[in-house]
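Asks: Sending over work-v5.tsv (TSV, C-alpha atoms and all ligand atoms).
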chain	number	residue	atom	x	y	z
A	1	MET	CA	-24.51	-25.36	24.01
A	2	SER	CA	-20.89	-25.59	25.25
A	3	SER	CA	-18.67	-23.99	22.66
A	4	VAL	CA	-15.73	-26.24	21.83
A	5	PRO	CA	-12.61	-24.04	21.92
A	6	GLU	CA	-11.06	-23.47	18.55
A	7	PHE	CA	-7.31	-23.99	18.12
A	8	LEU	CA	-4.74	-22.87	15.57
A	9	ASN	CA	-2.26	-25.71	14.99
A	10	GLU	CA	1.06	-24.32	13.78
A	11	THR	CA	2.01	-25.89	10.44
A	12	LEU	CA	5.78	-25.25	10.43
A	13	TYR	CA	6.42	-28.98	11.08
A	14	ALA	CA	4.02	-31.60	9.73
A	15	GLU	CA	4.91	-34.10	12.47
A	16	TRP	CA	4.97	-31.86	15.55
A	17	GLY	CA	4.15	-28.43	16.79
A	18	GLN	CA	2.35	-26.08	19.10
A	19	ARG	CA	-1.28	-25.11	19.13
A	20	PHE	CA	-2.97	-21.92	20.34
A	21	GLN	CA	-6.49	-21.65	21.63
A	22	GLN	CA	-8.21	-18.94	19.56
A	23	THR	CA	-10.64	-17.17	21.86
A	24	LYS	CA	-11.27	-14.46	19.27
A	25	THR	CA	-10.20	-14.09	15.63
A	26	LEU	CA	-9.48	-10.44	14.89
A	27	PHE	CA	-8.43	-10.82	11.25
A	28	SER	CA	-8.13	-13.75	8.87
A	29	PHE	CA	-7.50	-13.08	5.22
A	30	ASP	CA	-5.42	-14.14	2.23
A	31	THR	CA	-3.56	-10.92	1.45
A	32	GLY	CA	-2.36	-12.10	-1.98
A	33	PHE	CA	1.11	-12.65	-0.52
A	34	GLN	CA	0.21	-14.94	2.41
A	35	LYS	CA	-2.60	-16.00	4.72
A	36	LEU	CA	-2.61	-13.47	7.59
A	37	VAL	CA	-4.37	-14.37	10.85
A	38	ILE	CA	-4.41	-12.31	14.04
A	39	PHE	CA	-6.23	-13.80	17.02
A	40	GLU	CA	-6.45	-13.66	20.81
A	41	ASN	CA	-5.05	-16.35	23.12
A	42	PRO	CA	-5.54	-16.44	26.93
A	43	LEU	CA	-1.80	-16.97	27.63
A	44	PHE	CA	0.04	-15.04	24.91
A	45	GLY	CA	-2.38	-12.20	24.22
A	46	ARG	CA	-2.75	-11.26	20.57
A	47	VAL	CA	-0.92	-13.56	18.14
A	48	MET	CA	-0.03	-13.20	14.44
A	49	ALA	CA	0.41	-16.15	12.09
A	50	LEU	CA	1.42	-16.06	8.42
A	51	ASP	CA	0.67	-19.13	6.31
A	52	GLY	CA	0.06	-21.07	9.53
A	53	VAL	CA	3.43	-20.17	11.10
A	54	ILE	CA	3.53	-18.17	14.33
A	55	GLN	CA	5.21	-14.80	13.70
A	56	THR	CA	4.82	-12.87	16.92
A	57	THR	CA	2.82	-12.68	20.14
A	58	GLU	CA	2.18	-9.78	22.50
A	59	LYS	CA	3.60	-11.70	25.44
A	60	ASP	CA	7.05	-12.71	24.15
A	61	GLU	CA	7.78	-10.39	21.17
A	62	PHE	CA	10.26	-8.33	23.22
A	63	VAL	CA	12.83	-11.16	23.30
A	64	TYR	CA	13.23	-11.39	19.53
A	65	HIS	CA	12.86	-7.67	18.75
A	66	GLU	CA	15.39	-6.60	21.37
A	67	MET	CA	17.99	-9.22	20.36
A	68	LEU	CA	17.72	-8.70	16.60
A	69	THR	CA	18.28	-4.93	16.99
A	70	HIS	CA	20.40	-4.05	20.04
A	71	VAL	CA	23.07	-6.71	19.46
A	72	PRO	CA	24.19	-5.42	16.00
A	73	ILE	CA	23.59	-1.74	16.85
A	74	LEU	CA	25.54	-1.79	20.14
A	75	ALA	CA	28.26	-4.06	18.75
A	76	HIS	CA	28.79	-1.59	15.89
A	77	GLY	CA	28.68	1.44	18.18
A	78	LYS	CA	28.29	4.19	15.55
A	79	VAL	CA	25.08	3.36	13.69
A	80	THR	CA	23.21	6.17	11.93
A	81	ASP	CA	21.53	4.35	9.00
A	82	VAL	CA	19.53	1.11	9.32
A	83	LEU	CA	17.69	-1.02	6.75
A	84	VAL	CA	14.93	-3.38	7.94
A	85	ILE	CA	13.73	-6.01	5.46
A	86	GLY	CA	10.32	-7.43	6.41
A	87	GLY	CA	9.35	-6.51	9.95
A	88	GLY	CA	5.71	-5.82	9.11
A	89	ASP	CA	4.48	-5.93	12.71
A	90	GLY	CA	6.66	-2.93	13.62
A	91	GLY	CA	8.50	-4.47	16.59
A	92	ILE	CA	11.93	-4.17	14.99
A	93	VAL	CA	11.57	-0.52	13.93
A	94	ARG	CA	10.22	0.28	17.41
A	95	GLU	CA	13.41	-1.03	18.99
A	96	VAL	CA	15.74	0.47	16.35
A	97	LEU	CA	14.24	3.95	16.80
A	98	ARG	CA	14.93	3.89	20.56
A	99	HIS	CA	18.57	4.63	19.61
A	100	LYS	CA	18.65	8.44	19.46
A	101	ASN	CA	21.83	8.56	17.31
A	102	ILE	CA	20.05	6.72	14.51
A	103	LYS	CA	19.13	9.22	11.83
A	104	HIS	CA	17.47	7.13	9.10
A	105	VAL	CA	15.60	3.82	9.11
A	106	THR	CA	14.33	2.34	5.85
A	107	MET	CA	11.82	-0.50	6.24
A	108	VAL	CA	10.99	-2.61	3.17
A	109	GLU	CA	7.91	-4.82	3.66
A	110	ILE	CA	6.36	-6.83	0.83
A	111	ASP	CA	2.82	-6.98	2.29
A	112	PRO	CA	1.02	-3.72	3.24
A	113	ALA	CA	-1.74	-5.71	4.95
A	114	VAL	CA	0.67	-6.93	7.63
A	115	VAL	CA	1.58	-3.33	8.51
A	116	GLU	CA	-2.02	-2.09	8.41
A	117	MET	CA	-3.42	-4.98	10.46
A	118	SER	CA	-0.54	-4.80	12.95
A	119	LYS	CA	-1.17	-1.08	13.46
A	120	LYS	CA	-4.82	-1.90	14.12
A	121	HIS	CA	-4.63	-5.12	16.14
A	122	LEU	CA	-1.06	-5.15	17.53
A	123	PRO	CA	-0.54	-1.43	18.25
A	124	ASN	CA	1.99	-2.07	21.04
A	125	HIS	CA	4.37	-3.75	18.61
A	126	SER	CA	5.09	-0.57	16.65
A	127	ALA	CA	4.11	1.75	19.57
A	128	GLY	CA	4.11	4.78	17.27
A	129	ALA	CA	7.27	3.85	15.33
A	130	PHE	CA	5.44	4.08	12.01
A	131	GLU	CA	4.89	7.80	12.68
A	132	ASP	CA	8.55	8.51	13.51
A	133	PRO	CA	9.92	11.05	10.97
A	134	ARG	CA	13.20	9.09	10.76
A	135	LEU	CA	11.36	6.10	9.25
A	136	LYS	CA	10.87	5.59	5.50
A	137	LEU	CA	8.50	2.69	4.76
A	138	GLU	CA	8.57	1.06	1.32
A	139	TYR	CA	6.24	-1.69	0.11
A	140	MET	CA	8.18	-4.04	-2.18
A	141	ASP	CA	10.15	-7.27	-2.24
A	142	GLY	CA	13.19	-6.83	-0.03
A	143	ALA	CA	15.35	-8.84	-2.43
A	144	LYS	CA	14.47	-6.42	-5.24
A	145	PHE	CA	15.13	-3.40	-3.01
A	146	VAL	CA	18.67	-4.44	-2.04
A	147	ALA	CA	19.45	-5.27	-5.68
A	148	GLU	CA	18.42	-1.76	-6.81
A	149	THR	CA	19.09	0.75	-4.02
A	150	GLU	CA	22.06	3.10	-4.11
A	151	LYS	CA	21.72	3.81	-0.37
A	152	ARG	CA	24.23	2.44	2.15
A	153	TYR	CA	23.57	1.24	5.68
A	154	ASP	CA	25.52	0.53	8.88
A	155	VAL	CA	23.14	-2.30	9.88
A	156	ILE	CA	20.73	-4.42	7.80
A	157	ILE	CA	18.15	-6.45	9.74
A	158	THR	CA	16.22	-9.15	7.91
A	159	ASP	CA	13.11	-9.76	9.98
A	160	SER	CA	11.45	-12.14	7.53
A	161	THR	CA	9.21	-15.15	7.54
A	162	ASP	CA	10.82	-18.57	7.05
A	163	PRO	CA	12.30	-19.56	3.67
A	164	ILE	CA	8.86	-20.47	2.29
A	165	GLY	CA	6.63	-18.29	0.12
A	166	PRO	CA	7.69	-14.63	-0.17
A	167	GLY	CA	10.42	-15.13	2.44
A	168	GLU	CA	12.36	-17.61	0.31
A	169	ALA	CA	14.06	-14.80	-1.68
A	170	LEU	CA	15.65	-13.52	1.55
A	171	PHE	CA	17.70	-16.65	2.19
A	172	THR	CA	19.71	-16.79	-1.05
A	173	HIS	CA	23.36	-16.19	-1.91
A	174	ASP	CA	22.32	-13.33	-4.24
A	175	TYR	CA	20.33	-11.62	-1.48
A	176	TYR	CA	23.26	-11.81	0.93
A	177	ALA	CA	25.66	-10.54	-1.77
A	178	GLN	CA	23.37	-7.56	-2.45
A	179	CYS	CA	23.11	-6.87	1.29
A	180	LYS	CA	26.91	-6.83	1.41
A	181	ARG	CA	26.86	-4.27	-1.44
A	182	CYS	CA	24.44	-2.11	0.56
A	183	LEU	CA	26.49	-2.15	3.75
A	184	LYS	CA	28.90	0.70	4.61
A	185	ASP	CA	32.46	-0.41	5.51
A	186	GLY	CA	32.31	-2.36	8.77
A	187	GLY	CA	28.53	-2.75	8.56
A	188	VAL	CA	26.59	-5.76	9.90
A	189	LEU	CA	23.84	-7.94	8.41
A	190	VAL	CA	21.66	-9.90	10.86
A	191	THR	CA	18.87	-12.24	9.77
A	192	GLN	CA	16.27	-14.40	11.49
A	193	ASN	CA	17.31	-17.97	10.79
A	194	GLY	CA	14.79	-20.24	12.49
A	195	VAL	CA	15.05	-22.48	15.55
A	196	GLY	CA	18.45	-24.16	15.28
A	197	PHE	CA	17.53	-27.49	16.88
A	198	MET	CA	14.61	-27.99	14.49
A	199	GLN	CA	15.96	-26.17	11.41
A	200	LEU	CA	19.70	-26.91	11.64
A	201	SER	CA	19.94	-27.47	7.86
A	202	GLU	CA	18.75	-23.85	7.42
A	203	THR	CA	21.57	-22.70	9.71
A	204	GLN	CA	24.01	-24.67	7.57
A	205	ASP	CA	22.52	-23.26	4.35
A	206	THR	CA	22.93	-19.68	5.58
A	207	TYR	CA	26.48	-20.36	6.78
A	208	ARG	CA	27.36	-21.98	3.41
A	209	ARG	CA	25.98	-18.95	1.53
A	210	GLN	CA	27.26	-16.13	3.78
A	211	SER	CA	30.78	-17.41	4.52
A	212	PRO	CA	32.18	-16.79	1.00
A	213	ILE	CA	30.69	-13.25	1.01
A	214	PHE	CA	31.60	-11.96	4.50
A	215	LYS	CA	34.89	-12.20	6.40
A	216	ASP	CA	32.98	-13.05	9.59
A	217	ALA	CA	29.80	-15.15	9.32
A	218	GLY	CA	28.21	-16.85	12.30
A	219	PHE	CA	25.22	-16.96	14.62
A	220	TYR	CA	23.95	-15.81	17.97
A	221	VAL	CA	20.91	-17.06	19.86
A	222	ALA	CA	17.79	-15.93	21.67
A	223	ALA	CA	15.22	-18.01	23.57
A	224	VAL	CA	11.80	-17.06	22.17
A	225	PRO	CA	9.09	-19.24	23.81
A	226	THR	CA	6.72	-19.28	20.83
A	227	TYR	CA	9.44	-20.14	18.31
A	228	VAL	CA	9.19	-23.68	19.54
A	229	GLY	CA	12.01	-26.24	19.70
A	230	GLY	CA	14.83	-24.37	21.37
A	231	ASN	CA	16.99	-21.31	20.74
A	232	MET	CA	16.25	-19.08	17.76
A	233	HIS	CA	19.33	-18.69	15.54
A	234	LEU	CA	20.10	-15.15	14.39
A	235	ALA	CA	22.67	-15.03	11.58
A	236	TRP	CA	25.54	-12.54	11.89
A	237	ALA	CA	27.57	-11.36	8.87
A	238	THR	CA	30.18	-8.61	8.65
A	239	ASP	CA	33.68	-7.90	7.38
A	240	ASN	CA	34.67	-6.49	10.78
A	241	ALA	CA	35.38	-9.58	12.89
A	242	THR	CA	36.09	-7.50	16.00
A	243	LEU	CA	32.41	-6.55	16.30
A	244	ARG	CA	31.41	-10.02	17.49
A	245	THR	CA	34.02	-10.09	20.26
A	246	GLN	CA	33.48	-6.71	21.90
A	247	PRO	CA	34.25	-6.95	25.66
A	248	VAL	CA	31.20	-6.77	27.91
A	249	GLU	CA	32.55	-3.55	29.54
A	250	GLU	CA	32.43	-1.81	26.14
A	251	ILE	CA	28.90	-3.05	25.42
A	252	ARG	CA	27.84	-2.04	28.94
A	253	GLN	CA	29.10	1.53	28.41
A	254	ARG	CA	27.31	1.82	25.08
A	255	PHE	CA	24.08	0.40	26.52
A	256	GLN	CA	24.18	2.81	29.46
A	257	ALA	CA	24.79	5.71	27.06
A	258	ALA	CA	21.80	4.60	24.95
A	259	GLY	CA	19.74	5.31	28.05
A	260	PHE	CA	16.74	2.99	27.74
A	261	LYS	CA	15.48	-0.05	29.60
A	262	THR	CA	14.96	-3.49	28.08
A	263	ARG	CA	13.19	-6.67	29.23
A	264	TYR	CA	15.45	-9.37	27.76
A	265	TYR	CA	18.61	-7.73	26.36
A	266	THR	CA	21.52	-7.03	28.73
A	267	PRO	CA	25.21	-6.54	27.86
A	268	GLU	CA	25.95	-9.92	29.48
A	269	VAL	CA	23.20	-11.64	27.44
A	270	HIS	CA	24.59	-9.90	24.32
A	271	VAL	CA	28.06	-11.35	24.81
A	272	ALA	CA	26.80	-14.78	25.93
A	273	ALA	CA	24.44	-15.05	22.93
A	274	PHE	CA	27.38	-15.77	20.64
A	275	ALA	CA	28.35	-18.89	22.62
A	276	LEU	CA	26.98	-21.79	20.54
A	277	PRO	CA	26.40	-25.39	21.73
A	278	GLN	CA	28.69	-28.15	20.46
A	279	TYR	CA	26.13	-29.70	18.07
A	280	VAL	CA	25.79	-26.34	16.30
A	281	LEU	CA	29.57	-25.87	16.14
A	282	ASP	CA	29.85	-29.39	14.69
A	283	ALA	CA	27.20	-28.57	12.05
A	284	LEU	CA	29.11	-25.40	11.04
A	285	LYS	CA	32.38	-27.39	10.91
A	286	GLU	CA	30.68	-29.82	8.52
A	287	VAL	CA	29.97	-26.90	6.16
A	288	GLU	CA	33.57	-25.67	6.43
A	289	LEU	CA	35.01	-29.12	5.67
A	290	ALA	CA	32.68	-29.59	2.68
A	291	ALA	CA	33.72	-26.18	1.33
A	292	ALA	CA	37.42	-27.03	1.79
A	293	ALA	CA	37.09	-30.47	0.15
B	301	LIG	N1	9.58	-12.40	13.83
B	301	LIG	C1	9.07	-13.24	12.75
B	301	LIG	C2	9.93	-14.44	12.57
B	301	LIG	O1	11.00	-14.49	13.16
B	301	LIG	O2	9.50	-15.35	11.83
B	301	LIG	C3	8.94	-12.42	11.51
B	301	LIG	C4	7.86	-11.42	11.66
B	301	LIG	S1	7.52	-10.31	10.38
B	301	LIG	C5	5.79	-10.39	10.47
B	301	LIG	C6	7.92	-11.18	8.87
B	301	LIG	C7	7.63	-10.25	7.71
B	301	LIG	O3	8.42	-10.58	6.56
B	301	LIG	C8	6.16	-10.28	7.21
B	301	LIG	O4	5.58	-9.03	7.42
B	301	LIG	C9	6.28	-10.62	5.72
B	301	LIG	O5	5.29	-9.99	4.94
B	301	LIG	C10	7.68	-10.11	5.43
B	301	LIG	N2	8.29	-10.64	4.21
B	301	LIG	C11	8.32	-11.93	3.79
B	301	LIG	N3	8.98	-12.02	2.61
B	301	LIG	C12	9.39	-10.75	2.28
B	301	LIG	C13	10.12	-10.20	1.20
B	301	LIG	N4	10.57	-10.98	0.20
B	301	LIG	N5	10.37	-8.87	1.19
B	301	LIG	C14	9.91	-8.07	2.22
B	301	LIG	N6	9.20	-8.54	3.28
B	301	LIG	C15	8.95	-9.87	3.30
Let me see whether you can do it: turn the structure in this file into structure tokens.
Replies:
Amino acid sequence: MSSVPEFLNETLYAEWGQRFQQTKTLFSFDTGFQKLVIFENPLFGRVMALDGVIQTTEKDEFVYHEMLTHVPILAHGKVTDVLVIGGGDGGIVREVLRHKNIKHVTMVEIDPAVVEMSKKHLPNHSAGAFEDPRLKLEYMDGAKFVAETEKRYDVIITDSTDPIGPGEALFTHDYYAQCKRCLKDGGVLVTQNGVGFMQLSETQDTYRRQSPIFKDAGFYVAAVPTYVGGNMHLAWATDNATLRTQPVEEIRQRFQAAGFKTRYYTPEVHVAAFALPQYVLDALKEVELAAAA
């Protein structure tokens, strides 16, 4: 009997979206926080979805994980302490820990099952990062952590799901204000902010909430194939406006000194990532005008 291939239809948009052939389901379970599925696909390798939304795939994870870590770390230039909120698959902490000058990384993940199942089924994402002595892993709501911690960080990376379910708490004014409290002087907050073309109102929401808190709020982009609909927007927030405009020669020196190879990130891509298309600039201007009215 010919087996009809099974597909996972992404549910991020009711009217449109991508589908993945599931040749083998490795894990499918309601963790109590979200529905976690990890399956195999002939094109993208192993894929993770949370509540029907694609989170990461073996084939293209490097784009997002390299851009959400090396851009703030190399723009800052003197990072020793990093906070990662979310990041359960381990890709972000893997990339952060490649920087030898980094002394402490705290990762705060709400759902232990995502870490455990990623270690088991997506081992190349963390690639041993969870065993690095510099890493401290906490299981709790990231919004609660930043409201309570007395620790301070040079870079905070929010590698969360979209603003639905447990992720919603990580897109609020209060969360951003608490992140600001937890940053050392001149520190940087970066957050995953969805695919700008499809989720432009979420870009505007973040800009509206971050601009009153940080002297320099904005976005940079990365092209992640399985975050469908165009460039992924990564929100950038800091009180040190010079960090965003570092010359490429400076970034190049720092990257060479870091001494590791990447597959997407380059100093030229870093600098170019902050160049936003006109429709995005217009959408941010709309927020500015409304705030000034
Ligand atoms: N790269 C993906 C993206 O851009 O959508 C995100 C991947 S990572 C798997 C997202 C993680 O955020 C998940 O492990 C999820 O459990 C975690 N998460 C969601 N809400 C959270 C919260 N309030 N506190 C801490 N972690 C949270």
Asks: With distances taken over all atoms listed in the file, which residue among A:Ile251, A:Ala127, A:Leu276, A:Ala169 lies nearest Gly218 in chain A?
Replies: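 Nearest to Gly218 in chain A: A:Leu276.
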Asks: Taking (30.5, -12.4, -0.6) in the file's coordinates as the center, which residues reach within 7 Å of it, counting all atoms listed in the file, put as number ranges by chain?
Replies: A: 177, 180, 210, 212-214
Asks: Hey, which residues sit close to ligand LIG 301 (chain B)? Say within 7 Å, counting all atoms listed in the file, and write them as a list in words.
Replies: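 Every residue with an atom at most 7 Å from ligand LIG 301 (chain B) is listed here: Gln55, Thr56, Tyr64, Ile85, Gly86, Gly87, Gly88, Asp89, Val108, Glu109, Ile110, Asp111, Val114, Met140, Asp141, Gly142, Ala143, Asp159, Ser160, Thr161, Asp162, Pro166, Gly167, Glu168, Ala169, Leu170, Gln192 and Gly194 of chain A.
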Asks: Env of Glu40 in chain A: 9 Å cut, atoms = only C-alpha atoms, seq-sep filter 3 positions within chain, self excluded. Answer as a PDB file with C-alpha atoms, in the coordinates of the input.
Replies:
ATOM      1  CA  PHE A  20      -2.970 -21.920  20.340  1.00  0.00           C
ATOM      2  CA  GLN A  21      -6.490 -21.650  21.630  1.00  0.00           C
ATOM      3  CA  GLN A  22      -8.210 -18.940  19.560  1.00  0.00           C
ATOM      4  CA  THR A  23     -10.640 -17.170  21.860  1.00  0.00           C
ATOM      5  CA  LYS A  24     -11.270 -14.460  19.270  1.00  0.00           C
ATOM      6  CA  THR A  25     -10.200 -14.090  15.630  1.00  0.00           C
ATOM      7  CA  LEU A  26      -9.480 -10.440  14.890  1.00  0.00           C
ATOM      8  CA  LEU A  43      -1.800 -16.970  27.630  1.00  0.00           C
ATOM      9  CA  PHE A  44       0.040 -15.040  24.910  1.00  0.00           C
ATOM     10  CA  GLY A  45      -2.380 -12.200  24.220  1.00  0.00           C
ATOM     11  CA  ARG A  46      -2.750 -11.260  20.570  1.00  0.00           C
ATOM     12  CA  VAL A  47      -0.920 -13.560  18.140  1.00  0.00           C
TER      13      VAL A  47
END
Asks: By how many Å are CA of Ala129 in chain A and CA of Val84 in chain A apart?
Replies: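 Answer for the CA of Ala129 in chain A to CA of Val84 in chain A separation: 12.9 Å.
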Asks: To one decimal in Å, tell me the separation between CA of Val82 in chain A and CA of Tyr153 in chain A.
Replies: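 Those two atoms sit 5.4 Å apart.
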Asks: Please report the interatomic distance between CA of His233 in chain A and CA of Pro72 in chain A in Å with one decimal.
Replies: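 Taking CA of His233 in chain A as the start and CA of Pro72 in chain A as the end point, the length is 14.1 Å.
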Asks: Pick from A:Asn240, A:Asn193, A:Thr31, A:Gln278: nearest to Asp154 in chain A, with all atoms listed in the file counted?
Replies: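 Among the listed residues, A:Asn240 lies closest to Asp154 in chain A.
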Asks: Choose the residue, out of A:Ser118, A:Phe7, A:Phe33, A:Thr242, that has the smallest atom-to-atom separation from Met48 in chain A; count all atoms listed in the file.
Replies: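 When distances to Met48 in chain A are compared using all atoms listed in the file, the smallest one comes from A:Ser118.
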Asks: Considering all atoms listed in the file, state which residue in the set A:Leu50, A:Trp236, A:Phe130, A:Trp16 is at the smallest distance from Phe29 in chain A.
Replies: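 Nearest to Phe29 in chain A: A:Leu50.
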Asks: Could you tell me, as a list in words, which residues have any atom at most 9 Å from (-0.9, -6.8, 12.1), counting all atoms listed in the file?
Replies: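 Neighbouring residues, ordered by chain and number, come to Phe27, Leu36, Val37, Ile38, Met48, Gly88, Asp89, Gly90, Ala113, Val114, Val115, Glu116, Met117, Ser118, Lys119, Lys120, His121, Leu122, Pro123 and His125 of chain A.
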Asks: For Tyr279 in chain A, which of A:Thr203, A:Thr191, A:Tyr176, A:Gly186 is the closest residue, counting all atoms listed in the file?
Replies: A:Thr203
Asks: Which residues come within 12 Å of Glu202 in chain A, counting all atoms listed in the file, excluding same-chain residues fewer than 5 positions away, as a list in words?
Replies: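 My reading of the contact set: Asp162, Pro163, Ile164, Glu168, Phe171, Thr172, Thr191, Gln192, Asn193, Gly194, Val195, Gly196, Phe197, Tyr207, Arg208, Arg209, Phe219, Met232, His233, Leu234, Ala235, Val280, Ala283, Leu284 and Val287 of chain A.
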Asks: Quick one: residues within 8 Å of Lys100 in chain A, only C-alpha atoms, excluding same-chain residues fewer than 3 positions away - as a VMD selection string?
Replies: chain A and resid 97 103 258
Asks: Residues within 12 Å of Arg19 in chain A, please, as an MDAnalysis selection string. Count only C-alpha atoms; anything in the same chain fewer than 4 positions from it doesn't count.
Replies: chainID A and resid 5:13 41 43:44 47 49 52:54 226:228
